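Trainee: Contents of data-v2.pdb (PDB, C-alpha atoms) are below:
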```
ATOM      1  CA  MET A   1     -94.469   9.429  17.785
ATOM      2  CA  ALA A   2     -92.625   6.179  17.275
ATOM      3  CA  SER A   3     -93.837   3.137  19.127
ATOM      4  CA  PRO A   4     -91.791   2.734  22.301
ATOM      5  CA  ARG A   5     -89.896  -0.492  22.771
ATOM      6  CA  ALA A   6     -89.025  -2.076  26.086
ATOM      7  CA  PHE A   7     -85.408  -1.912  27.131
ATOM      8  CA  THR A   8     -83.455  -2.418  30.316
ATOM      9  CA  PHE A   9     -80.826  -0.235  31.905
ATOM     10  CA  LYS A  10     -78.741  -2.020  34.485
ATOM     11  CA  CYS A  11     -77.711   0.418  37.162
ATOM     12  CA  SER A  12     -78.581   3.391  34.996
ATOM     13  CA  PRO A  13     -80.735   6.288  36.192
ATOM     14  CA  SER A  14     -80.111   8.086  32.895
ATOM     15  CA  LEU A  15     -83.516   7.401  31.376
ATOM     16  CA  ALA A  16     -84.289  11.104  31.069
ATOM     17  CA  PHE A  17     -81.368  11.427  28.663
ATOM     18  CA  SER A  18     -81.724   8.130  26.793
ATOM     19  CA  THR A  19     -85.356   8.438  25.725
ATOM     20  CA  LYS A  20     -84.218  10.508  22.735
ATOM     21  CA  THR A  21     -83.385   7.221  21.020
ATOM     22  CA  LEU A  22     -86.895   5.877  21.512
ATOM     23  CA  MET A  23     -89.247   8.725  20.683
ATOM     24  CA  ASP A  24     -89.457  11.155  17.783
ATOM     25  CA  SER A  25     -90.961  13.913  19.884
ATOM     26  CA  LYS A  26     -88.919  15.893  22.394
ATOM     27  CA  PRO A  27     -88.558  13.832  25.597
ATOM     28  CA  ARG A  28     -89.515  15.020  29.010
ATOM     29  CA  THR A  29     -86.378  16.138  30.835
ATOM     30  CA  LEU A  30     -85.506  16.565  34.468
ATOM     31  CA  ARG A  31     -84.091  19.888  35.626
ATOM     32  CA  SER A  32     -81.492  18.357  37.875
ATOM     33  CA  PRO A  33     -80.569  14.761  38.618
ATOM     34  CA  PHE A  34     -81.045  15.232  42.346
ATOM     35  CA  SER A  35     -83.593  18.034  42.668
ATOM     36  CA  CYS A  36     -86.843  16.688  41.223
ATOM     37  CA  SER A  37     -89.993  17.784  42.981
ATOM     38  CA  THR A  38     -92.576  15.136  43.745
ATOM     39  CA  SER A  39     -95.421  17.622  43.835
ATOM     40  CA  GLY A  40     -97.881  17.998  40.971
ATOM     41  CA  SER A  41    -101.256  16.910  39.710
ATOM     42  CA  PRO A  42    -103.288  14.197  41.479
ATOM     43  CA  GLN A  43    -102.639  11.883  38.521
ATOM     44  CA  ARG A  44     -98.896  12.399  38.844
ATOM     45  CA  GLU A  45     -99.054  11.896  42.602
ATOM     46  CA  ALA A  46    -100.775   8.574  41.986
ATOM     47  CA  ARG A  47     -98.056   7.512  39.568
ATOM     48  CA  LEU A  48     -95.392   8.395  42.097
ATOM     49  CA  SER A  49     -97.215   6.405  44.733
ATOM     50  CA  ASP A  50     -97.137   3.366  42.449
ATOM     51  CA  ALA A  51     -93.461   3.973  41.677
ATOM     52  CA  VAL A  52     -92.478   3.664  45.336
ATOM     53  CA  GLU A  53     -92.974  -0.068  45.001
ATOM     54  CA  GLY A  54     -89.919  -0.161  42.736
ATOM     55  CA  ALA A  55     -87.825   2.184  44.870
ATOM     56  CA  ILE A  56     -84.116   1.526  44.983
ATOM     57  CA  THR A  57     -82.762  -0.502  47.898
ATOM     58  CA  LEU A  58     -79.627   0.180  49.929
ATOM     59  CA  GLN A  59     -77.925  -2.788  48.275
ATOM     60  CA  GLU A  60     -78.722  -1.457  44.803
ATOM     61  CA  TRP A  61     -77.559   2.058  45.693
ATOM     62  CA  GLN A  62     -74.245   0.780  47.003
ATOM     63  CA  GLY A  63     -73.900  -1.327  43.872
ATOM     64  CA  TRP A  64     -73.529   1.923  41.913
ATOM     65  CA  GLY A  65     -70.055   2.483  43.299
ATOM     66  CA  THR A  66     -70.608   3.897  46.783
ATOM     67  CA  THR A  67     -70.586   2.709  50.379
ATOM     68  CA  SER A  68     -72.774   5.509  51.742
ATOM     69  CA  PRO A  69     -76.305   5.247  53.146
ATOM     70  CA  LEU A  70     -79.091   5.936  50.644
ATOM     71  CA  PRO A  71     -79.496   9.749  50.475
ATOM     72  CA  ALA A  72     -83.007  11.166  50.669
ATOM     73  CA  MET A  73     -82.462  13.159  47.473
ATOM     74  CA  VAL A  74     -81.602   9.987  45.583
ATOM     75  CA  THR A  75     -84.807   8.343  46.799
ATOM     76  CA  LYS A  76     -86.759  11.276  45.378
ATOM     77  CA  ILE A  77     -85.144  11.128  41.962
ATOM     78  CA  VAL A  78     -85.579   7.351  41.690
ATOM     79  CA  GLU A  79     -89.253   7.666  42.509
ATOM     80  CA  ASP A  80     -89.625  10.308  39.810
ATOM     81  CA  LEU A  81     -87.749   8.208  37.262
ATOM     82  CA  LYS A  82     -89.858   5.165  38.024
ATOM     83  CA  ALA A  83     -92.945   7.304  37.451
ATOM     84  CA  LEU A  84     -91.439   8.418  34.149
ATOM     85  CA  GLU A  85     -90.906   4.774  33.269
ATOM     86  CA  LYS A  86     -94.628   4.154  33.650
ATOM     87  CA  ASP A  87     -95.399   7.183  31.471
ATOM     88  CA  ILE A  88     -93.323   6.050  28.485
ATOM     89  CA  ASP A  89     -93.609   2.293  28.997
ATOM     90  CA  ALA A  90     -89.823   1.740  29.087
ATOM     91  CA  GLN A  91     -88.534  -0.678  31.685
ATOM     92  CA  MET A  92     -85.731   0.314  34.037
ATOM     93  CA  SER A  93     -83.907  -1.860  36.532
ATOM     94  CA  PHE A  94     -81.583  -0.615  39.247
ATOM     95  CA  GLY A  95     -78.600  -2.488  40.561
ATOM     96  CA  GLY A  96     -77.985  -5.296  38.078
ATOM     97  CA  SER A  97     -77.290  -8.830  39.218
ATOM     98  CA  GLY A  98     -77.153  -8.937  42.999
ATOM     99  CA  GLY A  99     -76.833  -5.166  43.187
ATOM    100  CA  LYS A 100     -73.460  -5.304  41.412
ATOM    101  CA  LEU A 101     -72.547  -2.323  39.274
ATOM    102  CA  GLN A 102     -73.117  -3.131  35.624
ATOM    103  CA  CYS A 103     -73.399  -0.316  33.126
ATOM    104  CA  TRP A 104     -74.781   3.108  32.233
ATOM    105  CA  LEU A 105     -75.385   1.991  28.668
ATOM    106  CA  PRO A 106     -78.409   0.213  27.192
ATOM    107  CA  LEU A 107     -78.133  -3.560  27.381
ATOM    108  CA  GLU A 108     -77.266  -3.946  23.694
ATOM    109  CA  ASP A 109     -74.237  -1.673  24.196
ATOM    110  CA  CYS A 110     -73.137  -3.030  27.572
ATOM    111  CA  MET A 111     -69.342  -3.301  27.832
ATOM    112  CA  CYS A 112     -69.061  -4.614  31.383
ATOM    113  CA  SER A 113     -68.260  -8.219  30.472
ATOM    114  CA  ASN A 114     -65.162  -6.949  28.661
ATOM    115  CA  VAL A 115     -63.772  -5.044  31.648
ATOM    116  CA  THR A 116     -60.729  -6.591  33.323
ATOM    117  CA  GLN A 117     -60.431  -5.702  36.990
ATOM    118  CA  SER A 118     -57.132  -4.739  38.574
ATOM    119  CA  THR A 119     -55.915  -4.243  42.135
ATOM    120  CA  LEU A 120     -54.796  -0.725  42.999
ATOM    121  CA  TRP A 121     -51.792  -0.363  45.302
ATOM    122  CA  HIS A 122     -53.125  -0.790  48.848
ATOM    123  CA  ARG A 123     -51.738   2.566  50.067
ATOM    124  CA  MET A 124     -53.534   4.511  47.334
ATOM    125  CA  ARG A 125     -57.138   5.660  47.002
ATOM    126  CA  PHE A 126     -59.009   7.633  44.356
ATOM    127  CA  TRP A 127     -62.002   9.831  45.195
ATOM    128  CA  LEU A 128     -64.372  10.557  42.311
ATOM    129  CA  TYR A 129     -65.788  13.924  43.381
ATOM    130  CA  MET A 130     -68.536  13.913  40.779
ATOM    131  CA  HIS A 131     -71.151  16.445  39.793
ATOM    132  CA  PRO A 132     -74.626  14.809  39.871
ATOM    133  CA  LYS A 133     -75.260  15.550  36.196
ATOM    134  CA  ASP A 134     -72.120  13.662  35.234
ATOM    135  CA  PHE A 135     -73.308  10.702  37.259
ATOM    136  CA  LEU A 136     -76.005  10.309  34.599
ATOM    137  CA  ARG A 137     -73.790  10.707  31.532
ATOM    138  CA  GLN A 138     -73.261   7.577  29.481
ATOM    139  CA  ASN A 139     -69.857   8.843  28.322
ATOM    140  CA  ASN A 140     -68.605   9.673  31.809
ATOM    141  CA  THR A 141     -65.206   8.028  32.303
ATOM    142  CA  GLY A 142     -64.911   8.447  36.078
ATOM    143  CA  LYS A 143     -67.153   5.427  36.632
ATOM    144  CA  LEU A 144     -64.535   3.248  34.950
ATOM    145  CA  LEU A 145     -62.237   3.635  37.957
ATOM    146  CA  TRP A 146     -64.444   1.733  40.367
ATOM    147  CA  GLN A 147     -65.326  -0.806  37.682
ATOM    148  CA  VAL A 148     -61.615  -1.574  37.323
ATOM    149  CA  PHE A 149     -60.313  -1.028  40.872
ATOM    150  CA  GLY A 150     -63.438  -1.549  43.015
ATOM    151  CA  THR A 151     -65.344   0.871  45.229
ATOM    152  CA  GLU A 152     -62.910   0.760  48.151
ATOM    153  CA  ALA A 153     -59.989   1.874  45.982
ATOM    154  CA  ALA A 154     -61.986   4.304  43.810
ATOM    155  CA  THR A 155     -64.831   5.783  45.816
ATOM    156  CA  LEU A 156     -67.690   7.896  44.522
ATOM    157  CA  CYS A 157     -68.472  11.198  46.245
ATOM    158  CA  LEU A 158     -71.395  13.048  44.701
ATOM    159  CA  PHE A 159     -71.066  16.814  44.945
ATOM    160  CA  GLY A 160     -73.821  18.216  47.167
ATOM    161  CA  ILE A 161     -74.761  14.873  48.749
ATOM    162  CA  SER A 162     -73.924  15.409  52.414
ATOM    163  CA  GLU A 163     -73.660  11.702  53.222
ATOM    164  CA  HIS A 164     -71.021  11.266  50.530
ATOM    165  CA  GLU A 165     -69.031  14.355  51.402
ATOM    166  CA  GLU A 166     -68.979  13.415  55.067
ATOM    167  CA  ILE A 167     -67.576   9.968  54.265
ATOM    168  CA  MET A 168     -64.878  11.449  52.054
ATOM    169  CA  TRP A 169     -63.815  14.104  54.530
ATOM    170  CA  ASN A 170     -63.703  11.646  57.413
ATOM    171  CA  ALA A 171     -61.234   9.613  55.369
ATOM    172  CA  LEU A 172     -59.218  12.693  54.372
ATOM    173  CA  LYS A 173     -58.970  13.825  57.988
ATOM    174  CA  LEU A 174     -57.735  10.381  58.955
ATOM    175  CA  ALA A 175     -55.118  10.436  56.203
ATOM    176  CA  GLY A 176     -53.910  13.945  57.093
ATOM    177  CA  LYS A 177     -53.473  16.897  54.741
ATOM    178  CA  LYS A 178     -49.951  15.836  53.737
ATOM    179  CA  ASN A 179     -51.476  12.705  52.151
ATOM    180  CA  VAL A 180     -54.224  14.430  50.164
ATOM    181  CA  TRP A 181     -54.010  15.927  46.655
ATOM    182  CA  CYS A 182     -56.397  17.085  43.980
ATOM    183  CA  LEU A 183     -55.625  16.419  40.311
ATOM    184  CA  TYR A 184     -56.740  19.830  39.169
ATOM    185  CA  PRO A 185     -55.082  22.682  37.222
ATOM    186  CA  ASN A 186     -55.453  25.336  39.914
ATOM    187  CA  LYS A 187     -54.329  28.554  38.231
ATOM    188  CA  ASN A 188     -54.303  30.494  41.508
ATOM    189  CA  ALA A 189     -51.481  28.521  43.094
ATOM    190  CA  ALA A 190     -48.086  27.137  42.187
ATOM    191  CA  LEU A 191     -48.657  23.750  40.607
ATOM    192  CA  LYS A 192     -46.483  20.795  41.471
ATOM    193  CA  SER A 193     -45.770  17.829  39.248
ATOM    194  CA  VAL A 194     -45.837  14.192  40.326
ATOM    195  CA  GLU A 195     -42.042  14.264  40.440
ATOM    196  CA  ASP A 196     -42.035  17.438  42.563
ATOM    197  CA  VAL A 197     -44.243  15.769  45.168
ATOM    198  CA  PHE A 198     -43.088  12.154  45.127
ATOM    199  CA  GLY A 199     -39.642  12.246  43.545
ATOM    200  CA  GLN A 200     -37.653  12.551  46.770
ATOM    201  CA  GLU A 201     -35.420   9.641  47.760
ATOM    202  CA  PRO A 202     -36.179   8.171  50.168
ATOM    203  CA  SER A 203     -39.809   9.131  49.792
ATOM    204  CA  PRO A 204     -41.492  10.249  53.024
ATOM    205  CA  TYR A 205     -44.755   8.898  51.629
ATOM    206  CA  LEU A 206     -43.497   5.319  51.812
ATOM    207  CA  GLU A 207     -42.656   5.469  55.499
ATOM    208  CA  CYS A 208     -44.661   3.546  58.079
ATOM    209  CA  THR A 209     -47.908   4.947  59.473
ATOM    210  CA  ASP A 210     -47.439   7.794  61.940
ATOM    211  CA  THR A 211     -48.947   6.395  65.138
ATOM    212  CA  LYS A 212     -48.450   9.703  66.948
ATOM    213  CA  THR A 213     -50.955  11.531  64.742
ATOM    214  CA  ASN A 214     -53.256   8.546  64.078
ATOM    215  CA  GLU A 215     -52.872   9.206  60.344
ATOM    216  CA  ASP A 216     -53.355   6.028  58.321
ATOM    217  CA  GLY A 217     -50.798   6.842  55.601
ATOM    218  CA  THR A 218     -53.158   6.270  52.651
ATOM    219  CA  LEU A 219     -52.373   8.506  49.671
ATOM    220  CA  ASN A 220     -55.670  10.116  48.639
ATOM    221  CA  PHE A 221     -56.143  11.571  45.161
ATOM    222  CA  ILE A 222     -59.287  13.560  44.405
ATOM    223  CA  LEU A 223     -60.496  13.588  40.802
ATOM    224  CA  ILE A 224     -63.012  16.352  40.110
ATOM    225  CA  ASP A 225     -65.527  14.842  37.707
ATOM    226  CA  GLY A 226     -67.775  17.349  35.948
ATOM    227  CA  THR A 227     -67.734  19.945  33.211
ATOM    228  CA  TRP A 228     -64.873  22.391  33.467
ATOM    229  CA  ASN A 229     -67.374  25.095  34.426
ATOM    230  CA  ASN A 230     -68.815  22.953  37.233
ATOM    231  CA  SER A 231     -65.340  22.002  38.417
ATOM    232  CA  VAL A 232     -64.816  25.561  39.647
ATOM    233  CA  SER A 233     -67.676  25.211  42.140
ATOM    234  CA  ILE A 234     -66.540  21.755  43.192
ATOM    235  CA  PHE A 235     -62.970  22.885  43.811
ATOM    236  CA  SER A 236     -64.228  25.924  45.712
ATOM    237  CA  ARG A 237     -66.098  23.614  48.081
ATOM    238  CA  LEU A 238     -62.935  21.597  48.606
ATOM    239  CA  LYS A 239     -61.096  24.752  49.654
ATOM    240  CA  ASP A 240     -63.906  25.842  51.969
ATOM    241  CA  GLN A 241     -63.949  22.467  53.675
ATOM    242  CA  ALA A 242     -60.157  22.450  53.913
ATOM    243  CA  THR A 243     -60.372  25.750  55.799
ATOM    244  CA  SER A 244     -62.872  24.226  58.206
ATOM    245  CA  VAL A 245     -60.885  21.022  58.750
ATOM    246  CA  TRP A 246     -57.257  22.136  58.544
ATOM    247  CA  GLY A 247     -57.495  25.906  59.028
ATOM    248  CA  GLU A 248     -55.994  26.568  55.590
ATOM    249  CA  ALA A 249     -57.830  27.347  52.381
ATOM    250  CA  ASP A 250     -55.072  26.222  50.062
ATOM    251  CA  PHE A 251     -55.669  22.747  48.679
ATOM    252  CA  PRO A 252     -52.638  20.835  47.390
ATOM    253  CA  CYS A 253     -52.927  20.193  43.654
ATOM    254  CA  ILE A 254     -50.893  18.107  41.251
ATOM    255  CA  SER A 255     -50.391  18.943  37.590
ATOM    256  CA  LEU A 256     -50.042  16.036  35.173
ATOM    257  CA  ALA A 257     -48.112  15.819  31.920
ATOM    258  CA  THR A 258     -51.091  14.174  30.240
ATOM    259  CA  GLY A 259     -51.418  13.373  26.574
ATOM    260  CA  VAL A 260     -54.572  13.268  24.486
ATOM    261  CA  SER A 261     -57.152  10.827  25.852
ATOM    262  CA  ALA A 262     -58.689   8.186  23.592
ATOM    263  CA  MET A 263     -62.063   9.758  24.426
ATOM    264  CA  HIS A 264     -61.038  13.024  22.747
ATOM    265  CA  LYS A 265     -62.606  11.760  19.515
ATOM    266  CA  LEU A 266     -66.075  11.784  21.074
ATOM    267  CA  ARG A 267     -65.561  14.350  23.839
ATOM    268  CA  PRO A 268     -63.101  17.105  22.895
ATOM    269  CA  GLN A 269     -61.534  19.051  25.739
ATOM    270  CA  PRO A 270     -61.313  22.873  25.815
ATOM    271  CA  SER A 271     -57.532  22.667  25.360
ATOM    272  CA  TRP A 272     -54.957  20.005  24.589
ATOM    273  CA  ASP A 273     -53.498  20.054  28.099
ATOM    274  CA  ARG A 274     -56.766  18.791  29.598
ATOM    275  CA  THR A 275     -58.071  15.276  29.643
ATOM    276  CA  CYS A 276     -60.990  13.146  30.820
ATOM    277  CA  THR A 277     -61.240  11.820  34.382
ATOM    278  CA  ALA A 278     -59.992   8.319  33.572
ATOM    279  CA  GLY A 279     -57.216   9.875  31.492
ATOM    280  CA  ALA A 280     -56.061  11.884  34.519
ATOM    281  CA  ALA A 281     -55.939   8.727  36.654
ATOM    282  CA  ILE A 282     -53.987   6.923  33.932
ATOM    283  CA  GLY A 283     -51.563   9.847  33.771
ATOM    284  CA  LEU A 284     -50.973   9.804  37.520
ATOM    285  CA  LEU A 285     -50.346   6.054  37.613
ATOM    286  CA  SER A 286     -48.016   6.237  34.633
ATOM    287  CA  GLU A 287     -45.970   9.089  36.093
ATOM    288  CA  LEU A 288     -45.691   7.354  39.467
ATOM    289  CA  GLN A 289     -44.363   4.252  37.700
ATOM    290  CA  LEU A 290     -41.444   6.310  36.353
ATOM    291  CA  LEU A 291     -40.232   7.175  39.859
ATOM    292  CA  PRO A 292     -37.683   4.660  41.222
ATOM    293  CA  GLU A 293     -39.229   4.657  44.695
ATOM    294  CA  PHE A 294     -42.643   3.696  43.300
ATOM    295  CA  SER A 295     -41.632   1.472  40.385
ATOM    296  CA  SER A 296     -42.237  -1.810  42.244
ATOM    297  CA  PHE A 297     -45.953  -1.245  42.930
ATOM    298  CA  GLY A 298     -47.256  -2.225  39.485
ATOM    299  CA  PHE A 299     -48.644   1.185  38.551
ATOM    300  CA  ASP A 300     -47.897   0.452  34.878
ATOM    301  CA  LYS A 301     -50.190  -2.589  34.946
ATOM    302  CA  GLN A 302     -52.881  -0.647  36.790
ATOM    303  CA  ALA A 303     -52.680   2.188  34.245
ATOM    304  CA  GLU A 304     -52.839  -0.317  31.388
ATOM    305  CA  ALA A 305     -55.972  -1.978  32.794
ATOM    306  CA  LEU A 306     -57.721   1.390  33.090
ATOM    307  CA  GLU A 307     -56.602   2.517  29.641
ATOM    308  CA  ASP A 308     -57.850  -0.726  28.086
ATOM    309  CA  THR A 309     -61.247  -0.143  29.721
ATOM    310  CA  LEU A 310     -61.316   3.420  28.408
ATOM    311  CA  VAL A 311     -60.790   2.089  24.886
ATOM    312  CA  ILE A 312     -63.595  -0.436  25.424
ATOM    313  CA  LEU A 313     -65.949   2.378  26.469
ATOM    314  CA  LEU A 314     -64.939   4.410  23.414
ATOM    315  CA  GLU A 315     -65.668   1.451  21.140
ATOM    316  CA  ALA A 316     -69.066   0.857  22.776
ATOM    317  CA  LEU A 317     -70.071   4.506  22.442
ATOM    318  CA  THR A 318     -68.807   4.673  18.861
ATOM    319  CA  THR A 319     -70.777   1.552  17.913
ATOM    320  CA  ARG A 320     -73.878   3.042  19.502
ATOM    321  CA  ARG A 321     -73.481   6.330  17.607
ATOM    322  CA  VAL A 322     -73.020   4.528  14.292
ATOM    323  CA  ARG A 323     -76.102   2.379  14.916
ATOM    324  CA  MET A 324     -78.132   5.511  15.681
ATOM    325  CA  GLY A 325     -76.845   7.290  12.580
ATOM    326  CA  ARG A 326     -75.017   9.932  14.580
ATOM    327  CA  SER A 327     -71.600  11.423  13.931
ATOM    328  CA  ILE A 328     -68.631   9.786  15.678
ATOM    329  CA  THR A 329     -66.644  13.035  15.812
ATOM    330  CA  ARG A 330     -67.360  16.124  17.869
ATOM    331  CA  LYS A 331     -66.472  19.752  17.377
ATOM    332  CA  VAL A 332     -63.664  20.999  19.582
ATOM    333  CA  ARG A 333     -64.936  23.043  22.538
ATOM    334  CA  HIS A 334     -62.958  26.201  23.225
ATOM    335  CA  MET A 335     -64.823  27.639  26.202
ATOM    336  CA  SER A 336     -65.932  24.577  28.116
ATOM    337  CA  GLY A 337     -65.480  20.853  28.057
ATOM    338  CA  ILE A 338     -66.366  17.672  29.832
ATOM    339  CA  CYS A 339     -63.996  16.688  32.570
TER     340      CYS A 339
END
```
What does the file become when written as structure tokens?
Mentor:
Amino acid sequence: MASPRAFTFKCSPSLAFSTKTLMDSKPRTLRSPFSCSTSGSPQREARLSDAVEGAITLQEWQGWGTTSPLPAMVTKIVEDLKALEKDIDAQMSFGGSGGKLQCWLPLEDCMCSNVTQSTLWHRMRFWLYMHPKDFLRQNNTGKLLWQVFGTEAATLCLFGISEHEEIMWNALKLAGKKNVWCLYPNKNAALKSVEDVFGQEPSPYLECTDTKTNEDGTLNFILIDGTWNNSVSIFSRLKDQATSVWGEADFPCISLATGVSAMHKLRPQPSWDRTCTAGAAIGLLSELQLLPEFSSFGFDKQAEALEDTLVILLEALTTRRVRMGRSITRKVRHMSGIC
């Protein structure tokens, strides 16, 4: 076993995945990011008791890109990770400076100082409906949205975390179904393009808020963030909840004319018509910019800021792979891919 060296993750609970770079032997892994049991031997119970002292605070949790209360499941996993930290003598810190979101990469690969923030159009909001396992991935691109646009404009909703899902659905109900879309290739329904939905002149989506229905007029776009296999379960939950809220199972989806994402070099998609989460957001913003009714809202600048950040992430991950002696190309996946 190689001698462990101390390192710091700012805002990164991904220690279970990153220890491969520190130890020659196979690292201890966690079955699920949000389902760790705290039961076990008396020695392990003692370690967990000590770990509680370093438990994550509400401020730190919200610094990860969310405005929700601290879920009980998250408290459990943090306690377990802090216990793991004691086992392998590798320091972790949650929250970064003042609880502000920093990075999911080790400090030597941190790209956050190179990120340029941008202001998303005030009538638009992204929801990152993310699978918990993707929350821990260093190469996840969904996190870039709230780094660029902020947590109010790009809000995290972790799949299976009731506090998160309740917050998202309260906002969707307020917006009204006509102002909610999912960027997802739903093969069981007729797909509409950005032009099909927003290309009318004058656009009904740019009208004033409907005071009769109390709908706030915000355009909500849900980005499913997980492997393509996991996305099926996530989208199914969206439809189930839509039935409960609106009495209809069909969930409006938008199909994008996306190109190949910069991240394709490190994370190939199962087919060329699919892209990463940040790539989908860039595609939406770019296509909206082409519509005359929406051309004055600066979507081109917002797309450019996000694309620049995506390139920065790619460069950081590539540099890390080269330093670790790993390949910087990946085999194309035909059956599944990372969303």
Trainee: Please list as a PyMOL selection string every residue within 6 Å of segment 138-150 of chain A, counting all atoms listed in the file and excluding residues in the same chain fewer than 3 positions away.
Mentor: chain A and resi 104+117-120+153-154+277-278
Trainee: May I ask for the distance between atom CA of Arg125 of chain A and atom CA of Cys182 of chain A, given in Å to one decimal place?
Mentor: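 Straight-line distance from atom CA of Arg125 of chain A to atom CA of Cys182 of chain A works out to 11.8 Å.
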Trainee: Which of these residues is nearest to Leu317 of chain A, using all atoms listed in the file: A:Ala171, A:Glu165, A:Glu108, A:Trp61?
Mentor: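 Closest to Leu317 of chain A, using all atoms listed in the file: A:Glu108.
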Trainee: What does the distance from atom CA of Ala175 of chain A to atom CA of Pro252 of chain A come to in Å, to one decimal?
Mentor: 13.9 Å
Trainee: Around all the atoms of segment 153-169 of chain A listed in the file, with 8 Å of room on each side, what axis-aligned box do you get, giving centre and edge lengths in Å to one decimal, as lines of an AutoDock Vina configuration file?
Mentor:
```
center_x = -67.4
center_y = 10.0
center_z = 49.4
size_x = 30.8
size_y = 32.3
size_z = 27.3
```
Trainee: Could you tell me, as a ChimeraX atom specification, exactly which residues end up selected when the PyMOL selection byres ((chain A and resi 292) around 12) is applied to this structure?
Mentor: /A:195,198-203,287-291,293-299
Trainee: What gap, in Å, lies between atom CA of Leu158 of chain A and atom CA of Thr57 of chain A?
Mentor: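 These atoms are spaced 18.0 Å apart.
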Trainee: Between A:Met130, A:Met111, A:Met168, A:Ala242, which one has atoms that come closest to Asn230 of chain A, using all atoms listed in the file?
Mentor: A:Met130
Trainee: For this structure, which residues satisfy the selection - the PyMOL selection byres ((chain A and resi 186) around 10) - when it is evaluated on the file as given? I want them as a VMD selection string.
Mentor: chain A and resid 182 to 185 187 to 191 232 235 251 to 255
Trainee: Name the residues that the PyMOL selection byres ((chain A and resi 179) around 8) picks from the file above, as a list in words, using the file's chain letters and numbers.
Mentor: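 Applying the expression gives Ala175, Gly176, Lys177, Lys178, Val180, Trp181, Tyr205, Gly217, Thr218, Leu219 and Asn220 of chain A.
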Trainee: Have a look at A:Trp246, A:Asn229, A:Ala305, A:Ala280 and name the one nearest to Phe126 of chain A; count all atoms listed in the file.
Mentor: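 Distance minimum relative to Phe126 of chain A lands on A:Ala280.
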Trainee: Which one is closest to Asn114 of chain A: A:Glu166, A:Val322, A:Ala316, A:Leu174? Count all atoms listed in the file.
Mentor: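 Once distances to Asn114 of chain A are computed over all atoms listed in the file, the minimum belongs to A:Ala316.
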Trainee: Using all atoms listed in the file, find the one residue out of A:Met124, A:Ile224, A:Ile312, A:Ile167 that sits nearest to Thr275 of chain A.
Mentor: A:Ile224
Trainee: Please provide as a list of chain:residue names all residues within 7 Å of His131 of chain A, with the sequence filter that same-chain residues fewer than 2 positions apart are discarded (counting only C-alpha atoms).
Mentor: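 Contacts, in chain order: A:Tyr129, A:Lys133, A:Asp134, A:Phe135, A:Leu158, A:Phe159, A:Asp225, A:Gly226.
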